[in-house]
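Enquirer: Have a look at this one.
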Amino acid sequence: KTFSITLPTRPVAPITAILIVNSAIKPRGKNSTFNAVKSPRTMALRTLLLLLCWIPTLGYAQFIDDFTDGEFSSNPTWWGDTMLFQVNVQGQLQSNGPATPDTAYLYTAFSPNFTDTITWTWYWRLDFAPSNNNQGRVFLLSSDTTLINGAGYFLRLGRNGSDDALELFSYSGGNEVQLINGITILSSSPERWVTVHRYPDGLWEVESSSDAGGPFVLEGSAIDSTILNANYFGVWCKYTSSNSTDFYFDNVEVDSAMTDTTPPSLISVEPIDA
């Protein structure tokens, strides 16, 4: 028989998917259960329908990279100035440019769901006194693969003066707007574990700690929902010749999972011919 089957468009739990598929291809007639299960055609159809039921669960954005695999070319893949970075013997992503003033960046794909809470966490160390000419940025959201261009949000560490702090900015078309100026002074070789939250109502919170286990300090909060189009996450370094290898990143984790509260259901199963 040929069937026309309308499947749910919402995420379906494995047990629910099995019930849907079994009802769709329920065997008919005496002693048909065993024969249907053994039929290669039926098994193939059941496998296909299970995959189709589970496809909607892929609608989320998430990645983790602790660099313990010794590379950044896969799981996830990072692009950009790949020749200016390395994974060091400690399993950390480290800048590795020549001793000349320059910038270096890497980015990876990240398309978040803005109707849910987005969380970023990572380890960050700058082995020098930050300044405007020696600064690091973590681009939480960017619409452009160059990171600097386009629009999005970044966290900066490094400015002129002795009061360096974690600063959250929005940017678009070359204009940068400071949203948060952190309360912790990080003026000499800062080493921080950082967590950033963005809530569905546009509330941003930046937290940091000097230890992976905390306690975490709320550096500041702000509300901004001006930019809702972003496909990339990345790191960016600006340095003078003596600091080209002194930026460190590790344990990067970014999560934006869709929350679905609508229970799935089989909409219809219609025999076309027998």
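A note on labels: chains of the structure tokens are A, B, ... as shown, every chain counts residues from 1, and ligands are counted from 1 in their shown order.
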Would you list the contacts of stretch 133-136 of chain A as an MDAnalysis selection string, taking every protein, DNA or RNA residue within 7 Å and counting only C-alpha atoms, but skipping same-chain residues closer than 4 positions in sequence?

Expert: chainID A and resid 156:159 236:240

Enquirer: Write down as a PyMOL selection string the residues belonging to stretch 80-260 of chain A that are assigned strand (DSSP E or B) by DSSP computed on the backbone.

Expert: chain A and resi 80+85-87+93-95+102-109+118-126+135-142+151-157+166-172+175-181+191-198+203-209+217-223+232-239+247-256

Enquirer: Please produce a file of the residues just selected, as a PDB file, in the first residue's frame, where the atoms kept are C-alpha atoms.

Expert:
```
ATOM      1  CA  GLY A  80      39.477  32.983  10.314  1.00  0.00           C
ATOM      2  CA  PHE A  85      46.384  30.421  16.756  1.00  0.00           C
ATOM      3  CA  GLN A  86      47.363  27.103  18.262  1.00  0.00           C
ATOM      4  CA  VAL A  87      46.187  24.646  20.901  1.00  0.00           C
ATOM      5  CA  LEU A  93      43.409  27.975  22.535  1.00  0.00           C
ATOM      6  CA  GLN A  94      46.330  30.421  22.388  1.00  0.00           C
ATOM      7  CA  SER A  95      47.207  33.260  20.022  1.00  0.00           C
ATOM      8  CA  ASP A 102      48.460  42.955  14.372  1.00  0.00           C
ATOM      9  CA  THR A 103      45.002  41.556  15.024  1.00  0.00           C
ATOM     10  CA  ALA A 104      43.931  37.910  14.918  1.00  0.00           C
ATOM     11  CA  TYR A 105      40.518  36.302  15.092  1.00  0.00           C
ATOM     12  CA  LEU A 106      38.624  33.027  14.890  1.00  0.00           C
ATOM     13  CA  TYR A 107      34.913  32.429  14.485  1.00  0.00           C
ATOM     14  CA  THR A 108      32.511  29.511  14.453  1.00  0.00           C
ATOM     15  CA  ALA A 109      28.876  29.094  13.459  1.00  0.00           C
ATOM     16  CA  ILE A 118      21.236  32.144  25.705  1.00  0.00           C
ATOM     17  CA  THR A 119      24.256  31.388  27.887  1.00  0.00           C
ATOM     18  CA  TRP A 120      27.956  31.757  27.105  1.00  0.00           C
ATOM     19  CA  THR A 121      30.744  30.520  29.400  1.00  0.00           C
ATOM     20  CA  TRP A 122      34.507  30.423  28.878  1.00  0.00           C
ATOM     21  CA  TYR A 123      37.944  30.776  30.445  1.00  0.00           C
ATOM     22  CA  TRP A 124      39.896  33.901  29.477  1.00  0.00           C
ATOM     23  CA  ARG A 125      43.454  34.989  30.255  1.00  0.00           C
ATOM     24  CA  LEU A 126      45.566  37.878  28.967  1.00  0.00           C
ATOM     25  CA  GLN A 135      42.959  44.024  24.085  1.00  0.00           C
ATOM     26  CA  GLY A 136      40.790  40.963  23.671  1.00  0.00           C
ATOM     27  CA  ARG A 137      37.205  40.679  22.530  1.00  0.00           C
ATOM     28  CA  VAL A 138      34.791  37.773  22.620  1.00  0.00           C
ATOM     29  CA  PHE A 139      32.092  38.265  20.020  1.00  0.00           C
ATOM     30  CA  LEU A 140      29.019  36.699  21.572  1.00  0.00           C
ATOM     31  CA  LEU A 141      26.880  37.397  18.515  1.00  0.00           C
ATOM     32  CA  SER A 142      27.958  38.630  15.111  1.00  0.00           C
ATOM     33  CA  ALA A 151      26.347  43.943  13.846  1.00  0.00           C
ATOM     34  CA  GLY A 152      26.223  42.104  17.146  1.00  0.00           C
ATOM     35  CA  TYR A 153      27.529  42.093  20.716  1.00  0.00           C
ATOM     36  CA  PHE A 154      31.002  41.619  22.155  1.00  0.00           C
ATOM     37  CA  LEU A 155      32.688  41.558  25.545  1.00  0.00           C
ATOM     38  CA  ARG A 156      35.914  43.577  25.658  1.00  0.00           C
ATOM     39  CA  LEU A 157      38.858  43.405  28.025  1.00  0.00           C
ATOM     40  CA  LEU A 166      34.812  43.489  31.394  1.00  0.00           C
ATOM     41  CA  GLU A 167      32.752  45.681  29.064  1.00  0.00           C
ATOM     42  CA  LEU A 168      29.727  44.576  27.053  1.00  0.00           C
ATOM     43  CA  PHE A 169      29.092  46.454  23.794  1.00  0.00           C
ATOM     44  CA  SER A 170      26.544  46.357  21.029  1.00  0.00           C
ATOM     45  CA  TYR A 171      27.788  47.396  17.609  1.00  0.00           C
ATOM     46  CA  SER A 172      26.324  48.076  14.199  1.00  0.00           C
ATOM     47  CA  ASN A 175      29.072  52.351  15.903  1.00  0.00           C
ATOM     48  CA  GLU A 176      29.776  50.834  19.317  1.00  0.00           C
ATOM     49  CA  VAL A 177      27.589  51.365  22.378  1.00  0.00           C
ATOM     50  CA  GLN A 178      28.741  50.349  25.846  1.00  0.00           C
ATOM     51  CA  LEU A 179      26.002  48.466  27.699  1.00  0.00           C
ATOM     52  CA  ILE A 180      27.876  47.187  30.758  1.00  0.00           C
ATOM     53  CA  ASN A 181      31.049  48.373  32.482  1.00  0.00           C
ATOM     54  CA  GLU A 191      42.519  35.595  34.385  1.00  0.00           C
ATOM     55  CA  ARG A 192      38.742  35.119  34.558  1.00  0.00           C
ATOM     56  CA  TRP A 193      36.020  32.538  34.179  1.00  0.00           C
ATOM     57  CA  VAL A 194      33.203  34.394  32.440  1.00  0.00           C
ATOM     58  CA  THR A 195      29.469  33.729  32.117  1.00  0.00           C
ATOM     59  CA  VAL A 196      27.081  35.846  30.074  1.00  0.00           C
ATOM     60  CA  HIS A 197      23.302  35.420  29.958  1.00  0.00           C
ATOM     61  CA  ARG A 198      20.860  36.930  27.494  1.00  0.00           C
ATOM     62  CA  LEU A 203      18.137  41.449  29.629  1.00  0.00           C
ATOM     63  CA  TRP A 204      21.905  40.872  29.607  1.00  0.00           C
ATOM     64  CA  GLU A 205      23.961  39.798  32.638  1.00  0.00           C
ATOM     65  CA  VAL A 206      27.745  39.489  32.813  1.00  0.00           C
ATOM     66  CA  GLU A 207      29.322  37.458  35.617  1.00  0.00           C
ATOM     67  CA  SER A 208      32.941  36.541  36.311  1.00  0.00           C
ATOM     68  CA  SER A 209      35.100  34.734  38.829  1.00  0.00           C
ATOM     69  CA  VAL A 217      30.394  38.278  40.710  1.00  0.00           C
ATOM     70  CA  LEU A 218      27.656  40.072  38.798  1.00  0.00           C
ATOM     71  CA  GLU A 219      29.673  42.572  36.784  1.00  0.00           C
ATOM     72  CA  GLY A 220      26.574  44.339  35.530  1.00  0.00           C
ATOM     73  CA  SER A 221      23.277  44.047  33.690  1.00  0.00           C
ATOM     74  CA  ALA A 222      21.551  45.912  30.855  1.00  0.00           C
ATOM     75  CA  ILE A 223      18.571  45.601  28.541  1.00  0.00           C
ATOM     76  CA  TYR A 232      28.589  33.615  14.435  1.00  0.00           C
ATOM     77  CA  PHE A 233      30.551  33.498  17.693  1.00  0.00           C
ATOM     78  CA  GLY A 234      34.237  34.348  17.814  1.00  0.00           C
ATOM     79  CA  VAL A 235      37.359  35.582  19.572  1.00  0.00           C
ATOM     80  CA  TRP A 236      39.429  38.590  18.498  1.00  0.00           C
ATOM     81  CA  CYS A 237      42.842  39.784  19.661  1.00  0.00           C
ATOM     82  CA  LYS A 238      44.644  43.073  19.113  1.00  0.00           C
ATOM     83  CA  TYR A 239      48.281  43.195  20.168  1.00  0.00           C
ATOM     84  CA  PHE A 247      45.906  35.504  24.663  1.00  0.00           C
ATOM     85  CA  TYR A 248      44.331  32.333  26.085  1.00  0.00           C
ATOM     86  CA  PHE A 249      40.810  30.870  25.793  1.00  0.00           C
ATOM     87  CA  ASP A 250      39.391  27.586  27.032  1.00  0.00           C
ATOM     88  CA  ASN A 251      36.246  25.665  28.006  1.00  0.00           C
ATOM     89  CA  VAL A 252      34.006  27.562  25.613  1.00  0.00           C
ATOM     90  CA  GLU A 253      30.356  26.575  25.993  1.00  0.00           C
ATOM     91  CA  VAL A 254      27.463  28.268  24.229  1.00  0.00           C
ATOM     92  CA  ASP A 255      23.854  27.161  24.496  1.00  0.00           C
ATOM     93  CA  SER A 256      20.501  28.286  23.121  1.00  0.00           C
TER      94      SER A 256
END
```

Enquirer: Could you state the separation of atom CA of A:Ser162 and atom CA of A:Asn96 in Å, given to one decimal place?

Expert: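 Atom CA of A:Asn96 lies at a distance of 26.0 Å from atom CA of A:Ser162.
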